[in-house]
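K.L.:
Please see the structure below; I have some questions.
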Amino acid sequence: MNKIIYLDHAATTRMNEQVLKEMLPFFSLEYGNPSSIYSIGRSAKRAIESSRRKVARVINAKVHEIFFTSGGSESDNLAIKGIAYNLKEKGNHIITTKIEHPAVLNTCHRLEKEGFKITYLNVDDKGLISLEELKNNITEKTILISIMYANNEIGTIEPIKKIGDIAKEHGIYFHTDAVQAIGNVKIDVEAMNIDLLSMSGHKFYGPKGIGVLYVRQGVELSKIQDGGHQERDLRAGTENVPGIVGIGKAIELAYENFEEKTNKLKELKKYCIEKLKENFNNIRINGDKENRLPGNVNVSFSKISGEELLLILDEKGICTSAGSACSSGTGKPSHVLVAIGLSDELANSSLRITLGNENTKEDIEYLIDCLKEIKKLRV
């Protein structure tokens with residue numbers, strides 16, 4: 001294998017070299033604890049606050065509304081459990097969807113065991129919720145709506161502004177898992193009435209192990225981790241300074257020349273879908289055709305295992321996915337694809353192709369050529 005063609009950017013991205021360069025001093029030379037008051041501690045603290053400003057600027061938040069975590073899963077847990085525990089005397093009802101990331105779904109399952117009531121909204125065949133169903137499920141006990149910004153498997157973008165408006169109208173907090181959206185769409189937490197937002201650095205060419213939770217001023221969360229008083233007493237633990245520096249630089253770079261990068265991804269996605277339709281019969285492109293992430297292609301092939309496709313493509317140097325990287329290996333069909341109406345058989349024959357900044361039309365042509373060779377595996 002001479003070359004790796006990476007087509008799984010929804011799983012993770014390769015860290016930008018500029019991000020790494022920015023981080024390196026904080027692994028060795030700038031090693032101070034940001035809670036220390038001497039000079040190298042203050043230097044680390046300044047670096048953290050610089051990144052906090054960069055993140056806030058991108059999503060139109062206030063600097064003190066940005067909290068650093070270990071990643072998207074922790075951010076989702078802190079947002080949902082933090083609201084649930086803080087408002088349990090007011091109400092015990094949370095609304096989410098059937099197609100959320102496991103970090104949201106499993107958090108909600110945990111809360112159900114503790115007596116909270118969870119409504120899991122249906123989605124249509126494109127992966128979109130019904131705003132009417134959302135409104136009809138709101139009760140006087142509803143304390144939180146948690147709906148992902150864009151789906152990690154099929155790329156469908158939910159009507160976030162309209163959801164935020166509904167939540168605000170009813171006096172309910174609104175959390176969105178924006179892990180897949182950051183770097184791919186522009187987000188304005190003020191204009192969209194978002195109260196809590198989760199993100200993860202490694203999805204937009206930053207480091208792994210670092211995330212962000214945006215918490216609107218005035219929204220109070222119960223802590224879910226005991227320890228010191230870092231992150232304004234919300235998230236205990238010595239800060240991951242290199243990671244924080246990295247996510248700040250990564251989000252800054254993600255929105256430089258944003259339109260140009262996004263348009264390139266949209267064109268590649270269009271080209272990929274056209275080539276798939278040209279060369280294969282009886283395929284289904286999953287997700288909303290227009291209102292989706294710029295680099296996401298989710299396709300179902302009939303009568304061939306998605307896992308088998310992955311293994312053969314891997315032998316040819318192509319990295320793709322059969323669904324979410326966080327649920328691979330379960331042996332179960334994707335809960336997202338089942339929710340949009342696919343049979344178990346069709347769901348298990350799906351391939352997720354997620355394009356990134358470095359991909360080219362030549363990469364797609366090679367993918368198509370390899371898939372054509374595999375056609376003989378159909379039964």
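All residue names refer to the structure tokens as shown: chains lettered A, B, ... in order, residues numbered from 1 in each chain, ligands numbered from 1 in order.
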May I have the residues within 7 Å of Asp76 (chain A) as a PDB file with N, CA, C and O atoms, in the first residue's frame, using only C-alpha atoms and disregarding those fewer than 2 positions away in the same chain?
P.N.:
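Saved to around.pdb:
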```pdb
ATOM      1  N   GLY A  72     -16.202  16.116  23.121  1.00  0.00           N
ATOM      2  CA  GLY A  72     -17.636  16.247  22.904  1.00  0.00           C
ATOM      3  C   GLY A  72     -18.469  15.425  23.860  1.00  0.00           C
ATOM      4  O   GLY A  72     -19.523  15.870  24.311  1.00  0.00           O
ATOM      5  N   SER A  73     -18.019  14.220  24.183  1.00  0.00           N
ATOM      6  CA  SER A  73     -18.811  13.365  25.078  1.00  0.00           C
ATOM      7  C   SER A  73     -18.938  13.978  26.464  1.00  0.00           C
ATOM      8  O   SER A  73     -20.024  13.982  27.059  1.00  0.00           O
ATOM      9  N   GLU A  74     -17.835  14.513  26.988  1.00  0.00           N
ATOM     10  CA  GLU A  74     -17.921  15.149  28.297  1.00  0.00           C
ATOM     11  C   GLU A  74     -18.798  16.396  28.238  1.00  0.00           C
ATOM     12  O   GLU A  74     -19.593  16.653  29.152  1.00  0.00           O
ATOM     13  N   LEU A  78     -22.012  16.927  30.562  1.00  0.00           N
ATOM     14  CA  LEU A  78     -22.081  18.060  31.479  1.00  0.00           C
ATOM     15  C   LEU A  78     -23.303  18.926  31.197  1.00  0.00           C
ATOM     16  O   LEU A  78     -23.978  19.372  32.129  1.00  0.00           O
ATOM     17  N   ALA A  79     -23.596  19.147  29.929  1.00  0.00           N
ATOM     18  CA  ALA A  79     -24.752  19.962  29.570  1.00  0.00           C
ATOM     19  C   ALA A  79     -26.058  19.312  30.018  1.00  0.00           C
ATOM     20  O   ALA A  79     -26.891  19.950  30.692  1.00  0.00           O
ATOM     21  N   ILE A  80     -26.237  18.043  29.660  1.00  0.00           N
ATOM     22  CA  ILE A  80     -27.523  17.383  29.905  1.00  0.00           C
ATOM     23  C   ILE A  80     -27.706  17.034  31.388  1.00  0.00           C
ATOM     24  O   ILE A  80     -28.738  17.353  32.002  1.00  0.00           O
ATOM     25  N   ALA A 103     -23.243   9.732  22.939  1.00  0.00           N
ATOM     26  CA  ALA A 103     -22.935  10.557  24.111  1.00  0.00           C
ATOM     27  C   ALA A 103     -24.182  11.230  24.661  1.00  0.00           C
ATOM     28  O   ALA A 103     -24.279  11.480  25.868  1.00  0.00           O
ATOM     29  N   VAL A 104     -25.139  11.523  23.796  1.00  0.00           N
ATOM     30  CA  VAL A 104     -26.415  12.099  24.228  1.00  0.00           C
ATOM     31  C   VAL A 104     -27.398  10.982  24.598  1.00  0.00           C
ATOM     32  O   VAL A 104     -28.019  11.017  25.663  1.00  0.00           O
ATOM     33  N   ASP A 177     -25.654  19.394  20.268  1.00  0.00           N
ATOM     34  CA  ASP A 177     -24.371  18.737  20.023  1.00  0.00           C
ATOM     35  C   ASP A 177     -23.927  19.184  18.631  1.00  0.00           C
ATOM     36  O   ASP A 177     -24.457  18.737  17.619  1.00  0.00           O
ATOM     37  N   SER A 198     -22.017  21.887  22.383  1.00  0.00           N
ATOM     38  CA  SER A 198     -20.851  21.016  22.553  1.00  0.00           C
ATOM     39  C   SER A 198     -20.023  20.982  21.278  1.00  0.00           C
ATOM     40  O   SER A 198     -20.577  20.970  20.171  1.00  0.00           O
TER      41      SER A 198
END
```
K.L.:
Just the residues within 8 Å of region 272-279 of chain A, please, counting only C-alpha atoms, with nothing from its chain fewer than 2 positions along; format it as a ChimeraX atom specification.
P.N.:
/A:268-270,281,283,285,297,364-365,368,372
K.L.:
I need the residue nearest Phe27 (chain A) from this list: A:Ala44, A:Leu144, A:Glu362, A:Ile340. Use only C-alpha atoms for the distance.
P.N.:
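Counting only C-alpha atoms, the residue closest to Phe27 (chain A) is A:Ala44.
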K.L.:
List as an MDAnalysis selection string the protein and nucleic acid residues near Ser35 (chain A), meaning an atom at most 9 Å away when only C-alpha atoms are counted, but skip any in the same chain fewer than 5 places from it.
P.N.:
chainID A and resid 41:42 44:45 230 238:239
K.L.:
Can you tell me how far CA of Ile160 (chain A) sits from CA of Val58 (chain A), in Å to one decimal?
P.N.:
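Atom-to-atom, CA of Ile160 (chain A) to CA of Val58 (chain A), that is 17.0 Å.
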K.L.:
Hey, what's within 7 Å of Tyr149 (chain A) if we count only C-alpha atoms and toss same-chain stuff fewer than 5 positions away? As a ChimeraX atom specification, please?
P.N.:
/A:157-158,160,176-178,181
K.L.:
Please provide the set of residues having any atom within 8 Å of Gly82 (chain A), restricted to only C-alpha atoms, with same-chain residues fewer than 2 positions apart removed, written as an MDAnalysis selection string.
P.N.:
chainID A and resid 77:80 84:86 220:224
K.L.:
From a DSSP calculation on the backbone, collect every residue of region 13-201 of chain A in helix (DSSP H, G or I) and output the set as a VMD selection string.
P.N.:
chain A and resid 17 to 27 39 to 59 63 to 65 72 to 86 102 to 113 131 to 136 160 to 169 201
K.L.:
Could you tell me which of A:Asn106, A:Ser302, A:Ser70, A:Ser130 comes closest to Gly209 (chain A) if we count only C-alpha atoms?
P.N.:
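Distance minimum relative to Gly209 (chain A) lands on A:Ser70.
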K.L.:
Let me make sure I understand: among A:Val179, A:Cys319, A:Ile66, A:Ile304, which one has the smallest atom-to-atom distance to Asp363 (chain A) if we use only C-alpha atoms?
P.N.:
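Of all the options, A:Cys319 lies closest to Asp363 (chain A).
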K.L.:
State, in Å with one decimal place, the distance from CA of Ser334 (chain A) to CA of Ser349 (chain A).
P.N.:
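Taking CA of Ser334 (chain A) as the start and CA of Ser349 (chain A) as the end point, the length is 10.2 Å.
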K.L.:
Can you check which residues of region 68-232 of chain A DSSP gives as strand (DSSP E or B) on the backbone and send them as a PyMOL selection string?
P.N.:
chain A and resi 68-69+93-97+117-121+123+129+142-146+150+156-157+173-177+182+185+196-200+211-215
K.L.:
Set the distance at 12 Å and use only C-alpha atoms: which residues neighbour region 18-20 of chain A once local chain neighbours fewer than 6 positions away are removed? I'd like the list as a list in words.
P.N.:
Phe26, Phe27, Ser51, Gly201, His202, Phe204, Tyr205, Gly206, Pro207, Lys208, Pro242, Gly243, Ile244, Val245, Gly246, Ile247, Gly248, Lys249, Ala250, Ile251, Glu252, Leu253 and Ala254 of chain A
K.L.:
Looking at A:Leu265, A:Val241, A:Ile40, A:Ile4, which one is nearest to Arg52 (chain A), with distances taken over only C-alpha atoms?
P.N.:
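With only C-alpha atoms as the atom set, the closest residue is A:Val241.
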K.L.:
Between CA of Pro294 (chain A) and CA of Asn60 (chain A), what is the spacing in Å?
P.N.:
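We find that CA of Asn60 (chain A) and CA of Pro294 (chain A) lie 21.9 Å from each other.
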K.L.:
Identify which of the residues A:Cys108, A:Ile59, A:Leu7, A:Ala322 lies closest to Tyr366 (chain A), counting only C-alpha atoms when measuring atom-to-atom distances.
P.N.:
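With only C-alpha atoms as the atom set, the closest residue is A:Leu7.
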K.L.:
Considering only C-alpha atoms, state which residue in the set A:Glu65, A:Glu190, A:Asp288, A:Glu267 is at the smallest distance from Gly356 (chain A).
P.N.:
A:Glu267
